[in-house]
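**Q** Below you'll find the structure I mean.
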Amino acid sequence: PLETENLYQYHVFSFTSGGGFPLLVCHCLCVFDATVRECVRQGARTPEDVADQCGAGSGCGGCRQSIEAIVSRECAARTFDSAEDDLAA
């Protein structure tokens, strides 16, 4: 069973791991998971970076845990992809 504190991470990971349904991450500014992932591709490495780029997480703060989970996952995926590229070269 999932602990309540991990429910957001589970939800984010299950829907953002490849072609799933769009996930509304920030209700205050209507920012979806794809926008947060794009922020990471554009250089965001923290929830604060995401807030600076698209505003998500700068309102009530209720989405910060989800943003943190997406940033963490995307950064890990980018690191893994880079390592695979290095091995292939």
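Residues in the structure tokens are numbered from 1 in each chain, the chains being A, B, ... in the order shown, and ligands are numbered from 1 in the order shown.
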Name the residues of region 21-52 of chain A that fall into alpha helix (DSSP H) according to DSSP on the backbone, using the chain letters and numbers of this document, as a ChimeraX atom specification.
**A** /A:33-41,47-52
**Q** Could you write those residues out with N, CA, C and O atoms, as a JSON list (two decimals), in the first residue's frame?
**A**
```
[["chain", "number", "residue", "atom", "x", "y", "z"],
["A", 33, "ASP", "N", 1.78, 18.73, -16.51],
["A", 33, "ASP", "CA", 3.06, 18.05, -16.36],
["A", 33, "ASP", "C", 3.98, 18.24, -17.56],
["A", 33, "ASP", "O", 5.19, 18.37, -17.41],
["A", 34, "ALA", "N", 3.44, 18.30, -18.76],
["A", 34, "ALA", "CA", 4.27, 18.47, -19.96],
["A", 34, "ALA", "C", 5.03, 19.79, -19.90],
["A", 34, "ALA", "O", 6.19, 19.87, -20.33],
["A", 35, "THR", "N", 4.40, 20.82, -19.37],
["A", 35, "THR", "CA", 5.07, 22.12, -19.25],
["A", 35, "THR", "C", 6.21, 22.05, -18.24],
["A", 35, "THR", "O", 7.29, 22.59, -18.48],
["A", 36, "VAL", "N", 5.98, 21.35, -17.13],
["A", 36, "VAL", "CA", 7.04, 21.20, -16.12],
["A", 36, "VAL", "C", 8.22, 20.41, -16.72],
["A", 36, "VAL", "O", 9.38, 20.78, -16.55],
["A", 37, "ARG", "N", 7.91, 19.33, -17.46],
["A", 37, "ARG", "CA", 8.97, 18.57, -18.10],
["A", 37, "ARG", "C", 9.74, 19.42, -19.11],
["A", 37, "ARG", "O", 10.95, 19.32, -19.22],
["A", 38, "GLU", "N", 9.05, 20.26, -19.84],
["A", 38, "GLU", "CA", 9.71, 21.15, -20.79],
["A", 38, "GLU", "C", 10.63, 22.13, -20.07],
["A", 38, "GLU", "O", 11.72, 22.44, -20.55],
["A", 39, "CYS", "N", 10.21, 22.60, -18.92],
["A", 39, "CYS", "CA", 11.07, 23.48, -18.12],
["A", 39, "CYS", "C", 12.38, 22.77, -17.77],
["A", 39, "CYS", "O", 13.45, 23.38, -17.84],
["A", 40, "VAL", "N", 12.30, 21.50, -17.41],
["A", 40, "VAL", "CA", 13.51, 20.73, -17.09],
["A", 40, "VAL", "C", 14.38, 20.61, -18.34],
["A", 40, "VAL", "O", 15.59, 20.79, -18.28],
["A", 41, "ARG", "N", 13.76, 20.34, -19.48],
["A", 41, "ARG", "CA", 14.54, 20.26, -20.73],
["A", 41, "ARG", "C", 15.21, 21.59, -21.05],
["A", 41, "ARG", "O", 16.26, 21.62, -21.68],
["A", 47, "PRO", "N", 12.29, 23.04, -8.09],
["A", 47, "PRO", "CA", 10.95, 23.62, -8.19],
["A", 47, "PRO", "C", 10.99, 25.15, -8.33],
["A", 47, "PRO", "O", 10.15, 25.73, -9.01],
["A", 48, "GLU", "N", 11.98, 25.77, -7.73],
["A", 48, "GLU", "CA", 12.12, 27.22, -7.85],
["A", 48, "GLU", "C", 12.43, 27.62, -9.28],
["A", 48, "GLU", "O", 11.92, 28.63, -9.78],
["A", 49, "ASP", "N", 13.27, 26.83, -9.96],
["A", 49, "ASP", "CA", 13.57, 27.09, -11.37],
["A", 49, "ASP", "C", 12.31, 26.98, -12.22],
["A", 49, "ASP", "O", 12.07, 27.78, -13.12],
["A", 50, "VAL", "N", 11.50, 25.95, -11.92],
["A", 50, "VAL", "CA", 10.25, 25.76, -12.66],
["A", 50, "VAL", "C", 9.34, 26.96, -12.42],
["A", 50, "VAL", "O", 8.74, 27.50, -13.37],
["A", 51, "ALA", "N", 9.24, 27.41, -11.18],
["A", 51, "ALA", "CA", 8.40, 28.58, -10.86],
["A", 51, "ALA", "C", 8.87, 29.80, -11.63],
["A", 51, "ALA", "O", 8.06, 30.58, -12.14],
["A", 52, "ASP", "N", 10.18, 29.98, -11.74],
["A", 52, "ASP", "CA", 10.72, 31.11, -12.48],
["A", 52, "ASP", "C", 10.37, 31.03, -13.96],
["A", 52, "ASP", "O", 10.12, 32.04, -14.61]]
```
**Q** Please provide the set of residues having any atom within 9 Å of region 19-31 of chain A, restricted to only C-alpha atoms, with same-chain residues fewer than 6 positions apart removed, written as a list in words.
**A**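 My list of contacting residues is His11, Val12, Cys54, Gly55, Ala56, Gly57, Ser58, Gly59, Cys60, Gly61, Gly62, Cys63, Arg64, Ser66 and Ile67 of chain A.
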**Q** Just N, CA, C and O atoms for this one: save the residues we selected as a compact mmCIF listing (two decimals), in the first residue's frame.
**A**
```
# COMPACT_ATOMS: atom_id res chain seq x y z
N HIS A 11 1.23 9.08 -8.39
CA HIS A 11 0.33 9.61 -9.41
C HIS A 11 1.12 10.28 -10.52
O HIS A 11 0.88 10.03 -11.69
N VAL A 12 2.09 11.09 -10.18
CA VAL A 12 2.92 11.77 -11.19
C VAL A 12 3.68 10.74 -12.01
O VAL A 12 3.69 10.80 -13.24
N CYS A 54 7.80 29.03 -15.58
CA CYS A 54 6.40 28.94 -16.02
C CYS A 54 5.41 29.35 -14.95
O CYS A 54 4.21 29.38 -15.21
N GLY A 55 5.88 29.62 -13.74
CA GLY A 55 4.99 30.05 -12.67
C GLY A 55 4.46 28.93 -11.79
O GLY A 55 3.96 29.19 -10.70
N ALA A 56 4.53 27.67 -12.26
CA ALA A 56 4.01 26.57 -11.47
C ALA A 56 4.71 26.50 -10.12
O ALA A 56 5.93 26.58 -10.04
N GLY A 57 3.93 26.40 -9.06
CA GLY A 57 4.49 26.31 -7.72
C GLY A 57 4.67 27.66 -7.05
O GLY A 57 5.08 27.72 -5.90
N SER A 58 4.34 28.73 -7.74
CA SER A 58 4.54 30.06 -7.16
C SER A 58 3.28 30.60 -6.48
O SER A 58 3.31 31.68 -5.91
N GLY A 59 2.20 29.84 -6.52
CA GLY A 59 0.95 30.27 -5.90
C GLY A 59 0.84 29.73 -4.49
O GLY A 59 1.65 30.05 -3.62
N CYS A 60 -0.11 28.85 -4.28
CA CYS A 60 -0.39 28.33 -2.94
C CYS A 60 0.67 27.34 -2.45
O CYS A 60 0.79 27.10 -1.26
N GLY A 61 1.41 26.73 -3.38
CA GLY A 61 2.46 25.78 -3.00
C GLY A 61 1.98 24.34 -2.89
O GLY A 61 2.77 23.45 -2.61
N GLY A 62 0.71 24.10 -3.13
CA GLY A 62 0.17 22.75 -3.02
C GLY A 62 0.73 21.76 -4.03
O GLY A 62 0.64 20.56 -3.83
N CYS A 63 1.31 22.27 -5.09
CA CYS A 63 1.82 21.40 -6.16
C CYS A 63 3.34 21.18 -6.07
O CYS A 63 3.90 20.46 -6.89
N ARG A 64 3.98 21.78 -5.11
CA ARG A 64 5.44 21.71 -5.06
C ARG A 64 5.97 20.29 -4.96
O ARG A 64 6.99 19.96 -5.55
N SER A 66 4.59 17.59 -6.22
CA SER A 66 4.47 17.00 -7.56
C SER A 66 5.53 17.56 -8.50
O SER A 66 6.12 16.82 -9.28
N ILE A 67 5.77 18.85 -8.43
CA ILE A 67 6.80 19.47 -9.27
C ILE A 67 8.16 18.88 -8.93
O ILE A 67 8.94 18.53 -9.83
```
